[in-house]
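Colleague: Next up, model13.cif (mmCIF, C-alpha atoms).
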data_protein
loop_
_atom_site.label_atom_id
_atom_site.label_comp_id
_atom_site.auth_asym_id
_atom_site.auth_seq_id
_atom_site.Cartn_x
_atom_site.Cartn_y
_atom_site.Cartn_z
CA MET A 1 98.71 134.11 54.39
CA GLY A 2 100.37 133.19 57.66
CA TYR A 3 102.71 130.45 58.65
CA GLY A 4 100.13 127.74 59.24
CA GLN A 5 98.19 128.61 56.09
CA ILE A 6 100.90 128.07 53.46
CA LEU A 7 103.57 125.87 55.03
CA HIS A 8 101.56 122.66 54.77
CA ARG A 9 99.95 123.04 51.36
CA ARG A 10 100.77 120.18 49.08
CA GLY A 11 99.03 118.64 46.08
CA ASP A 12 95.87 119.94 44.41
CA GLU A 13 93.64 122.57 45.94
CA GLU A 14 90.61 120.27 46.12
CA ASP A 15 92.57 117.65 48.04
CA GLN A 16 93.45 119.99 50.90
CA VAL A 17 91.80 119.79 54.31
CA HIS A 18 90.14 123.13 55.04
CA LEU A 19 90.12 124.19 58.70
CA ASN A 20 88.85 127.27 60.48
CA VAL A 21 90.29 127.55 63.98
CA GLY A 22 89.21 130.54 66.00
CA GLY A 23 88.42 132.51 62.82
CA VAL A 24 91.75 131.72 61.12
CA ARG A 25 91.64 129.51 58.02
CA HIS A 26 94.21 126.81 57.31
CA GLU A 27 94.78 124.27 54.55
CA LEU A 28 96.56 121.00 55.29
CA ASP A 29 97.67 118.03 53.24
CA PRO A 30 95.59 114.99 54.34
CA ASP A 31 98.50 112.57 53.95
CA MET A 32 100.51 114.61 56.44
CA VAL A 33 97.63 114.57 58.92
CA LEU A 34 97.08 110.82 58.58
CA ARG A 35 100.69 110.19 59.66
CA PHE A 36 99.35 110.58 63.20
CA PRO A 37 96.14 108.47 63.22
CA HIS A 38 95.35 109.00 66.92
CA THR A 39 95.04 112.77 66.66
CA ARG A 40 91.68 114.52 66.38
CA LEU A 41 92.22 115.74 62.81
CA ALA A 42 93.24 112.28 61.56
CA ARG A 43 90.15 110.73 63.13
CA LEU A 44 88.10 113.53 61.58
CA LEU A 45 89.26 112.60 58.07
CA CYS A 46 88.24 109.00 58.68
CA CYS A 47 84.63 109.89 59.56
CA GLN A 48 81.98 108.50 57.19
CA SER A 49 79.00 110.64 58.20
CA GLU A 50 78.29 114.23 59.06
CA ALA A 51 77.09 113.21 62.53
CA ALA A 52 80.44 111.57 63.23
CA ILE A 53 82.21 114.69 61.97
CA LEU A 54 80.24 116.98 64.31
CA GLU A 55 81.32 114.85 67.25
CA LEU A 56 84.92 115.88 66.61
CA CYS A 57 84.49 119.52 65.53
CA ASP A 58 82.23 122.42 66.43
CA ASP A 59 80.71 122.89 62.97
CA TYR A 60 81.08 121.64 59.42
CA SER A 61 80.24 123.12 56.00
CA PRO A 62 79.59 120.32 53.45
CA ALA A 63 79.53 122.81 50.56
CA GLU A 64 83.00 124.18 51.30
CA LYS A 65 84.23 121.03 53.07
CA GLU A 66 85.47 123.21 55.88
CA TYR A 67 85.77 122.20 59.52
CA TYR A 68 85.24 124.79 62.24
CA PHE A 69 86.87 124.71 65.66
CA ASP A 70 86.30 127.21 68.44
CA ARG A 71 89.81 126.86 69.85
CA ASN A 72 92.85 129.03 70.50
CA PRO A 73 94.34 129.90 67.05
CA ARG A 74 97.78 130.68 68.54
CA VAL A 75 98.13 127.24 70.09
CA PHE A 76 96.97 125.70 66.82
CA LEU A 77 100.11 127.06 65.18
CA CYS A 78 102.05 124.71 67.48
CA VAL A 79 99.72 121.88 66.42
CA LEU A 80 100.40 122.61 62.74
CA ASN A 81 104.10 122.55 63.39
CA PHE A 82 103.65 119.15 65.05
CA TYR A 83 102.10 117.70 61.89
CA HIS A 84 105.00 119.05 59.87
CA THR A 85 107.89 118.00 62.14
CA GLY A 86 106.49 115.25 64.37
CA GLN A 87 107.40 117.27 67.47
CA ILE A 88 105.46 119.96 69.27
CA HIS A 89 107.07 123.11 70.61
CA MET A 90 105.59 125.29 73.33
CA MET A 91 105.36 129.07 73.41
CA GLU A 92 106.71 130.44 76.68
CA GLU A 93 104.04 133.12 76.93
CA LEU A 94 101.28 130.49 77.09
CA CYS A 95 99.92 129.11 80.34
CA VAL A 96 101.29 125.60 80.69
CA PHE A 97 97.96 124.18 81.89
CA SER A 98 96.03 125.86 79.08
CA PHE A 99 98.57 124.49 76.59
CA CYS A 100 98.18 121.03 78.13
CA GLN A 101 94.40 121.16 77.68
CA GLU A 102 94.76 122.31 74.09
CA ILE A 103 97.13 119.56 72.97
CA GLU A 104 94.97 117.03 74.80
CA TYR A 105 91.98 118.28 72.81
CA TRP A 106 93.85 117.84 69.52
CA GLY A 107 94.89 114.33 70.57
CA ILE A 108 98.61 115.03 70.88
CA LYS A 109 100.40 113.29 73.73
CA GLU A 110 103.07 114.89 75.88
CA LEU A 111 105.67 112.41 74.68
CA HIS A 112 105.70 114.30 71.36
CA LEU A 113 107.13 117.40 73.08
CA SER A 114 110.48 118.39 71.61
CA PRO A 115 113.53 117.92 73.88
CA CYS A 116 114.11 121.67 74.01
CA CYS A 117 110.66 122.25 75.51
CA SER A 118 110.07 119.02 77.44
CA ASN A 119 112.10 119.83 80.56
CA TRP A 120 110.72 123.35 80.81
CA TYR A 121 107.15 122.11 80.28
CA HIS A 122 107.30 119.37 82.92
CA GLU A 123 109.07 121.66 85.38
CA ARG A 124 106.35 124.28 85.06
CA LYS A 125 103.58 121.70 85.16
CA GLY A 126 105.08 119.98 88.19
CA GLU A 127 105.15 123.16 90.27
CA PRO A 128 102.56 123.50 93.06
CA SER A 129 99.38 125.08 91.83
CA PHE A 130 99.50 128.47 93.52
CA ASP A 131 96.27 130.29 93.96
CA SER A 132 96.28 133.48 91.98
CA SER A 133 96.98 136.77 93.70
CA PHE A 134 93.47 137.88 92.90
CA GLU A 135 91.98 134.87 94.69
CA GLU A 136 94.20 135.47 97.71
CA LEU A 137 93.41 139.15 97.87
CA SER A 138 89.69 138.56 97.38
CA ALA A 139 89.43 135.91 100.11
CA LEU A 140 88.42 138.49 102.70
CA ASP A 141 85.91 139.96 100.25
CA LYS A 142 84.32 136.53 99.86
CA ASP A 143 84.18 136.17 103.64
CA LEU A 144 82.57 139.58 103.96
CA ALA A 145 79.91 138.57 101.42
CA LYS A 146 78.87 135.72 103.74
CA PHE A 147 77.93 138.21 106.45
CA LYS A 148 74.98 139.52 104.43
CA GLY A 149 71.77 138.53 106.12
CA ALA A 150 73.56 137.05 109.17
CA TRP A 151 72.96 138.17 112.73
CA CYS A 152 74.95 141.24 113.83
CA ALA A 153 76.51 141.28 110.38
CA GLU A 154 77.91 144.80 110.64
CA ILE A 155 79.62 144.30 114.00
CA ARG A 156 80.95 140.85 113.10
CA SER A 157 82.37 141.99 109.75
CA TYR A 158 83.96 145.01 111.44
CA MET A 159 85.74 142.82 114.00
CA TRP A 160 86.58 140.09 111.49
CA LEU A 161 88.45 142.51 109.25
CA ARG A 162 90.51 143.87 112.11
CA LEU A 163 91.37 140.44 113.45
CA GLU A 164 92.20 138.78 110.12
CA ASP A 165 93.81 141.56 108.08
CA PRO A 166 96.68 143.33 109.91
CA GLY A 167 97.07 145.80 107.07
CA HIS A 168 93.46 146.93 107.08
CA SER A 169 93.82 149.78 109.55
CA ARG A 170 95.90 151.11 112.43
CA ALA A 171 93.67 149.23 114.89
CA SER A 172 94.38 145.99 113.01
CA LYS A 173 98.12 146.55 113.29
CA ILE A 174 97.83 147.26 117.02
CA ILE A 175 95.86 144.03 117.53
CA ALA A 176 98.43 142.04 115.51
CA VAL A 177 101.36 143.50 117.47
CA ALA A 178 99.60 142.83 120.79
CA SER A 179 98.86 139.22 119.79
CA LEU A 180 102.46 138.69 118.71
CA SER A 181 103.72 140.18 121.98
CA VAL A 182 101.59 137.79 124.03
CA VAL A 183 102.86 134.83 121.99
CA LEU A 184 106.49 135.84 122.51
CA THR A 185 105.91 136.46 126.22
CA SER A 186 104.40 133.00 126.59
CA ILE A 187 107.33 131.38 124.78
CA VAL A 188 109.88 133.24 126.91
CA ALA A 189 108.05 132.25 130.10
CA MET A 190 108.02 128.61 128.99
CA CYS A 191 111.79 128.70 128.38
CA VAL A 192 112.53 130.48 131.67
CA HIS A 193 110.50 127.85 133.54
CA SER A 194 113.12 125.22 132.65
CA MET A 195 115.87 127.12 134.50
CA PRO A 196 116.81 125.75 137.97
CA GLU A 197 116.37 129.20 139.57
CA PHE A 198 112.65 129.13 138.77
CA GLN A 199 111.88 125.54 139.79
CA ARG A 200 110.05 125.02 143.08
CA VAL A 201 109.09 122.04 145.26
CA ASP A 202 106.42 121.68 147.93
CA ASP A 203 106.75 120.21 151.42
CA SER A 204 106.58 116.70 149.95
CA ASP A 205 109.43 117.44 147.53
CA ARG A 206 107.03 117.37 144.63
CA PRO A 207 107.78 119.84 141.81
CA ILE A 208 105.39 122.78 141.60
CA GLU A 209 105.03 125.76 139.31
CA ASP A 210 106.69 129.08 140.08
CA PRO A 211 103.86 131.41 141.23
CA VAL A 212 105.02 134.35 139.09
CA LEU A 213 105.36 132.27 135.96
CA THR A 214 102.05 130.57 136.70
CA ARG A 215 100.24 133.92 136.82
CA LEU A 216 102.00 135.07 133.65
CA GLU A 217 101.02 131.89 131.84
CA ALA A 218 97.43 132.26 133.03
CA VAL A 219 97.29 135.81 131.65
CA CYS A 220 98.66 134.64 128.30
CA ILE A 221 96.18 131.77 128.12
CA VAL A 222 93.29 134.13 128.91
CA CYS A 223 94.43 136.35 126.02
CA PHE A 224 94.76 133.37 123.69
CA SER A 225 91.36 132.03 124.71
CA ALA A 226 89.63 135.40 124.37
CA GLU A 227 91.12 135.95 120.92
CA PHE A 228 90.18 132.45 119.75
CA ILE A 229 86.60 132.66 121.07
CA ILE A 230 86.03 136.13 119.59
CA ARG A 231 87.37 135.06 116.22
CA LEU A 232 85.18 131.95 116.35
CA ILE A 233 82.07 134.00 117.16
CA VAL A 234 82.59 136.59 114.44
CA ALA A 235 83.79 134.10 111.78
CA PRO A 236 81.58 134.05 108.67
CA SER A 237 81.85 130.24 108.49
CA ARG A 238 82.63 128.32 111.67
CA ARG A 239 83.27 125.09 109.79
CA LYS A 240 85.88 126.77 107.61
CA PHE A 241 87.33 128.54 110.65
CA LEU A 242 87.78 125.31 112.63
CA GLY A 243 89.29 123.57 109.61
CA ASN A 244 91.98 126.21 109.11
CA PRO A 245 95.42 124.79 110.08
CA LEU A 246 96.42 128.00 111.89
CA ASN A 247 93.26 127.88 114.00
CA ILE A 248 93.87 124.21 114.80
CA ILE A 249 97.33 125.20 116.06
CA ASP A 250 95.74 127.93 118.20
CA ALA A 251 93.34 125.44 119.78
CA ALA A 252 96.11 122.86 120.31
CA SER A 253 98.21 125.45 122.17
CA ILE A 254 95.33 126.41 124.50
CA LEU A 255 93.68 123.10 125.39
CA PRO A 256 96.69 121.52 127.20
CA PHE A 257 96.55 124.29 129.83
CA TYR A 258 92.92 123.58 130.71
CA ALA A 259 93.47 119.80 130.61
CA THR A 260 96.46 120.17 132.94
CA LEU A 261 94.44 122.39 135.25
CA ALA A 262 91.62 119.84 135.40
CA LEU A 263 93.98 116.94 136.09
CA GLU A 264 95.87 118.85 138.79
CA THR A 265 92.58 119.72 140.49
CA ALA A 266 91.49 116.08 140.37
CA ASP A 267 94.94 115.11 141.60
CA GLU A 268 94.63 117.33 144.68
CA ASP A 269 91.17 115.99 145.45
CA SER A 270 92.32 112.39 145.28
CA VAL A 271 95.52 112.70 147.33
CA GLU A 272 93.80 111.85 150.59
CA GLU A 273 91.89 108.92 149.09
CA ASN A 274 94.51 107.42 146.81
CA GLU A 275 98.26 107.82 147.02
CA ASP A 276 98.91 106.10 143.69
CA ILE A 277 98.81 109.16 141.42
CA GLU A 278 101.87 108.40 139.33
CA ASN A 279 99.89 107.91 136.12
CA VAL A 280 98.09 111.22 136.55
CA GLY A 281 101.42 112.97 137.09
CA LYS A 282 102.81 111.54 133.85
CA VAL A 283 99.79 112.77 131.92
CA VAL A 284 100.24 116.23 133.41
CA GLN A 285 103.90 116.26 132.37
CA VAL A 286 102.97 115.30 128.81
CA LEU A 287 100.35 118.05 128.66
CA ARG A 288 102.85 120.59 129.95
CA LEU A 289 105.24 119.49 127.25
CA MET A 290 102.57 120.28 124.65
CA ARG A 291 102.96 123.94 125.51
CA ILE A 292 105.76 123.93 122.97
CA LEU A 293 102.99 124.14 120.34
CA ARG A 294 102.65 127.82 121.19
CA ILE A 295 105.77 128.44 119.14
CA LEU A 296 103.74 127.44 116.08
CA LYS A 297 101.41 130.37 116.77
CA LEU A 298 104.17 132.53 115.31
CA ALA A 299 103.15 131.17 111.89
CA ARG A 300 100.17 133.53 111.94
CA HIS A 301 102.57 136.48 112.05
CA SER A 302 105.53 135.08 110.09
CA ILE A 303 105.66 134.93 106.29
CA GLY A 304 108.63 132.57 106.45
CA LEU A 305 106.89 130.01 108.67
CA ARG A 306 103.78 130.04 106.49
CA ALA A 307 105.95 129.55 103.41
CA LEU A 308 107.74 126.67 105.16
CA GLY A 309 104.44 124.98 106.00
CA ALA A 310 103.18 125.37 102.44
CA THR A 311 106.46 124.01 101.08
CA VAL A 312 106.31 120.89 103.26
CA ARG A 313 102.66 120.36 102.32
CA HIS A 314 103.40 120.50 98.58
CA SER A 315 106.76 118.71 98.72
CA TYR A 316 105.67 115.42 100.24
CA GLN A 317 106.88 113.54 97.15
CA GLU A 318 110.35 115.08 97.36
CA VAL A 319 110.50 114.51 101.13
CA GLY A 320 109.43 110.90 100.62
CA LEU A 321 112.09 110.50 97.96
CA LEU A 322 114.72 111.92 100.32
CA LEU A 323 113.70 109.51 103.08
CA LEU A 324 113.74 106.60 100.63
CA PHE A 325 117.26 107.47 99.45
CA LEU A 326 118.48 107.81 103.03
CA SER A 327 116.84 104.54 104.09
CA VAL A 328 118.47 102.61 101.25
CA GLY A 329 121.85 104.20 101.92
CA ILE A 330 121.66 103.60 105.66
CA SER A 331 120.77 99.94 105.13
CA ILE A 332 123.63 99.39 102.70
CA PHE A 333 126.37 101.22 104.61
CA SER A 334 125.36 99.83 108.01
CA ALA A 335 125.86 96.32 106.64
CA LEU A 336 129.17 97.26 104.98
CA ILE A 337 130.58 98.93 108.11
CA TYR A 338 129.56 95.90 110.18
CA PHE A 339 131.53 93.48 107.99
CA ALA A 340 134.50 95.89 107.92
CA GLU A 341 134.60 96.41 111.70
CA LYS A 342 133.23 93.19 113.22
CA GLU A 343 136.69 91.83 114.00
CA GLU A 344 137.64 94.96 115.97
CA ASP A 345 136.57 96.02 119.46
CA THR A 346 134.43 98.97 118.41
CA ASP A 347 130.84 100.17 118.83
CA LEU A 348 130.10 99.04 115.27
CA GLY A 349 129.92 95.34 116.09
CA THR A 350 126.27 95.00 115.07
CA ILE A 351 124.22 96.15 112.11
CA PRO A 352 121.68 98.06 114.30
CA SER A 353 124.56 100.10 115.78
CA GLY A 354 125.68 100.65 112.18
CA TRP A 355 122.29 102.23 111.45
CA TRP A 356 123.02 105.05 113.87
CA TRP A 357 126.52 105.55 112.47
CA ALA A 358 125.25 105.54 108.86
CA THR A 359 122.47 108.01 109.72
CA ILE A 360 124.72 110.64 111.26
CA THR A 361 127.33 110.08 108.53
CA MET A 362 125.02 110.33 105.51
CA THR A 363 123.33 113.43 106.92
CA THR A 364 126.83 114.92 107.52
CA VAL A 365 126.12 115.44 111.23
CA GLY A 366 129.09 113.37 112.41
CA TYR A 367 128.86 113.34 116.22
CA GLY A 368 132.05 111.30 116.44
CA ASP A 369 130.69 109.00 119.18
CA THR A 370 131.30 106.00 116.89
CA CYS A 371 133.85 105.82 114.10
CA PRO A 372 135.63 103.08 112.12
CA VAL A 373 139.22 102.15 112.91
CA THR A 374 140.13 99.75 110.09
CA VAL A 375 141.25 100.79 106.63
CA ALA A 376 138.25 99.06 105.04
CA GLY A 377 135.94 100.82 107.49
CA LYS A 378 137.41 104.21 106.68
CA ILE A 379 136.97 103.56 102.96
CA VAL A 380 133.33 102.64 103.59
CA ALA A 381 132.94 105.84 105.66
CA THR A 382 134.40 107.97 102.87
CA VAL A 383 132.01 106.53 100.29
CA CYS A 384 129.14 106.92 102.78
CA ILE A 385 129.91 110.63 103.26
CA ILE A 386 130.09 111.29 99.51
CA CYS A 387 126.85 109.42 98.84
CA GLY A 388 125.20 111.26 101.72
CA LEU A 389 126.11 114.64 100.21
CA LEU A 390 124.67 113.63 96.84
CA VAL A 391 121.52 112.02 98.24
CA VAL A 392 120.66 115.00 100.45
CA ALA A 393 121.54 117.64 97.86
CA LEU A 394 119.34 116.35 95.03
CA PRO A 395 115.83 116.67 96.57
CA ILE A 396 116.81 119.66 98.75
CA THR A 397 117.30 121.81 95.64
CA ILE A 398 113.71 121.18 94.51
CA ILE A 399 112.34 121.85 98.00
CA PHE A 400 114.34 125.08 98.29
CA ASN A 401 113.03 126.35 94.94
CA LYS A 402 109.46 125.75 96.08
CA PHE A 403 110.13 127.50 99.37
CA SER A 404 111.55 130.55 97.55
CA LYS A 405 108.48 130.79 95.32
CA TYR A 406 106.06 130.44 98.23
CA TYR A 407 107.98 133.00 100.27
CA GLN A 408 108.04 135.58 97.47
CA ARG A 409 104.35 134.99 96.81
CA ASN A 410 103.35 135.43 100.44
CA LYS A 411 105.58 138.48 100.75
CA CYS A 412 103.89 140.14 97.76
CA LEU A 413 100.42 139.42 99.17
CA SER A 414 101.18 140.57 102.72
#
Take the structure in the file and give it back as structure tokens.

Modeller:
Amino acid sequence: MGYGQILHRRGDEEDQVHLNVGGVRHELDPDMVLRFPHTRLARLLCCQSEAAILELCDDYSPAEKEYYFDRNPRVFLCVLNFYHTGQIHMMEELCVFSFCQEIEYWGIKELHLSPCCSNWYHERKGEPSFDSSFEELSALDKDLAKFKGAWCAEIRSYMWLRLEDPGHSRASKIIAVASLSVVLTSIVAMCVHSMPEFQRVDDSDRPIEDPVLTRLEAVCIVCFSAEFIIRLIVAPSRRKFLGNPLNIIDAASILPFYATLALETADEDSVEENEDIENVGKVVQVLRLMRILRILKLARHSIGLRALGATVRHSYQEVGLLLLFLSVGISIFSALIYFAEKEEDTDLGTIPSGWWWATITMTTVGYGDTCPVTVAGKIVATVCIICGLLVVALPITIIFNKFSKYYQRNKCLS
């Protein structure tokens, strides 16, 4: 007999509880089981009818008084150990979510986890639920299955593979490199446009675009638009395509150009009729500023940026905790520095000005534009710096671990 079959045998043979879990037979002492009345086995022993028994087990043999359960026999060894010790230990080779479902079935709560397993269990359970590698690798296969019976299925699937999977063929790699080159060219052109040497004005001293950079931007936008439209046409599911965050970024980086073009055209048409075009000019400037979103297009070609986005998406609790800690610390130290420095002629004479000082101090930025001059103020600043280091370091460790796991996962799948 195995561990679970002999360790818990006490008293007479006929008094034992006979169990068959996944084909493995066990005998338990009923008094030991009844020590935990909320568990499934304890409730099973309290049943007064066969119908009530069958609600808690898969089958029952009245002749042999044996209960049958179609459950994992390996996990049940942990359950048996729980009845013997009052604590449940977890096997590392088991899936944490499968183990969670099993102990929930047997009516054992997580608070009964032993201290040696509790931290490891909750850490594993608290990790973001990564999709399996198989699901990631089969995503394109699922998309290809949607092309069956659709119009121009063969051509669309051919183009879809080459646009979505850079590792599919040499043509796919060429397309990916070309797309990345256009994105980088557009970003460089946007940065160069801010230099004084490339800024122009018209006869009315109004700022205008440099003609060379304007043509270069137009070429890039045509490439972006063509790629987006082609991918939209050949996509197996347009709703899924438009809901993809990367595709939303693509659209957000293209639309400001056309909106700016439309407003500038309307602006030119209305100059002769209305000289008050200040509001239109501000809108145009805002739309031009939105060109910075093109930098996010690099996420399609960068494993690190995709991992960063996934980390932020799954770490909202840690980020919220970090902001909460900082907010509390800033509020406390801004008030303390105000009372320490209010008698001196410094920039820390009000609590709102103390907010700025506490923010750059707790985040260890330290611009030096405002600083305390009294002994009490310097003591407050020292404590503020130490607390800032601790507050920032605690959640950052969790976020960094998640980023590392996402990065390694994406790197393996790329």

Colleague: Find the residues around Tyr67 (chain A) up to 12 Å (all atoms listed in the file counted), leave out those fewer than 2 positions away in its own chain, and share them as a ChimeraX atom specification.

Modeller: /A:16-28,40-41,44-45,50,53-65,69-70

Colleague: Please determine, counting all atoms listed in the file, which residue among A:Leu80, A:Ile337, A:Ala235, A:Leu242 has the shortest atom-to-atom distance to Pro372 (chain A).

Modeller: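 When distances to Pro372 (chain A) are compared using all atoms listed in the file, the smallest one comes from A:Ile337.
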
Colleague: Do you know which residues are at most 12 Å from Ser98 (chain A) counting only C-alpha atoms, after dropping those on the same chain fewer than 5 positions away, and could you put them as a list of chain:residue names?

Modeller: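 Residues meeting the cut-off are A:Arg71, A:Asn72, A:Arg74, A:Val75, A:Met90, A:Met91, A:Glu92, A:Glu93, A:Ile103, A:Glu104, A:Tyr105, A:Tyr121, A:Lys125.
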
Colleague: Of the residues A:Ala259, A:Met159, A:Ile187, A:Ala218, which is the one nearest to Ile230 (chain A), using all atoms listed in the file?

Modeller: A:Met159

Colleague: So which residues are close to (128.1, 103.1, 101.4), meaning at most 12 Å away in the file's coordinates with all atoms listed in the file counted, and can you show them as a PyMOL selection string?

Modeller: chain A and resi 325-338+340+354-355+357-359+361-362+376-391

Colleague: To one decimal place, how far is CA of Val183 (chain A) from CA of Lys297 (chain A) in Å?

Modeller: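 So the two atoms, CA of Val183 (chain A) and CA of Lys297 (chain A), lie 7.0 Å apart.
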
Colleague: Just to confirm, what's the straight-line distance from CA of Glu102 (chain A) to CA of Pro37 (chain A) in Å (one decimal)?

Modeller: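 These atoms are spaced 17.7 Å apart.
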
Colleague: Excluding Pro196 (chain A) and its own-chain neighbours fewer than 4 positions away, which residues fall within 12 Å of it when counting all atoms listed in the file? Please give them as a PyMOL selection string.

Modeller: chain A and resi 191-192+200-201+207+209-210

Colleague: For each of A:Cys117, A:Ile233, A:Leu321, A:Cys95, take the minimum atom-to-atom distance to Leu394 (chain A), counting only C-alpha atoms, then give the residue where this is smallest.

Modeller: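 For Leu394 (chain A), the nearest of the given residues is A:Leu321.
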
Colleague: Provide the CA of Pro395 (chain A) to CA of Val319 (chain A) distance in Å, to one decimal place.

Modeller: 7.3 Å

Colleague: Identify, on the basis of all atoms listed in the file, every residue whose closest approach to His89 (chain A) does not exceed 7 Å; exclude the query and any residue fewer than 3 positions from it along the same chain; express the result as an mmCIF file with C-alpha atoms, keeping the file's coordinate frame.

Modeller:
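That gives us selection.cif:
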data_model
loop_
_atom_site.group_PDB
_atom_site.id
_atom_site.type_symbol
_atom_site.label_atom_id
_atom_site.label_comp_id
_atom_site.auth_asym_id
_atom_site.auth_seq_id
_atom_site.Cartn_x
_atom_site.Cartn_y
_atom_site.Cartn_z
ATOM 1 C CA CYS A 78 102.050 124.710 67.480
ATOM 2 C CA LEU A 113 107.130 117.400 73.080
ATOM 3 C CA SER A 114 110.480 118.390 71.610
ATOM 4 C CA CYS A 117 110.660 122.250 75.510
#

Colleague: Edge lengths and centre in Å to one decimal, as lines of an AutoDock Vina configuration file, is what I'm after for the box along x, y and z that holds all listed atoms of region 302-319 of chain A once 5 Å is added on each side.

Modeller:
center_x = 106.6
center_y = 124.3
center_z = 103.6
size_x = 17.8
size_y = 31.5
size_z = 22.9

Colleague: Let me know the residues the PyMOL selection byres ((chain A and resi 162) around 12) catches in the file above, as a list in words.

Modeller: Leu140, Ile155, Arg156, Ser157, Tyr158, Met159, Trp160, Leu161, Leu163, Glu164, Asp165, Pro166, Gly167, His168, Ser169, Arg170, Ala171, Ser172, Lys173, Ile174, Ile175, Ala176, Glu227, Ile230, Arg231, Val234 and Ala235 of chain A

Colleague: I need the residue nearest His193 (chain A) from this list: A:Asn119, A:Thr214, A:Thr311, A:Ser179. Use all atoms listed in the file for the distance.

Modeller: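 Closest candidate: A:Thr214.
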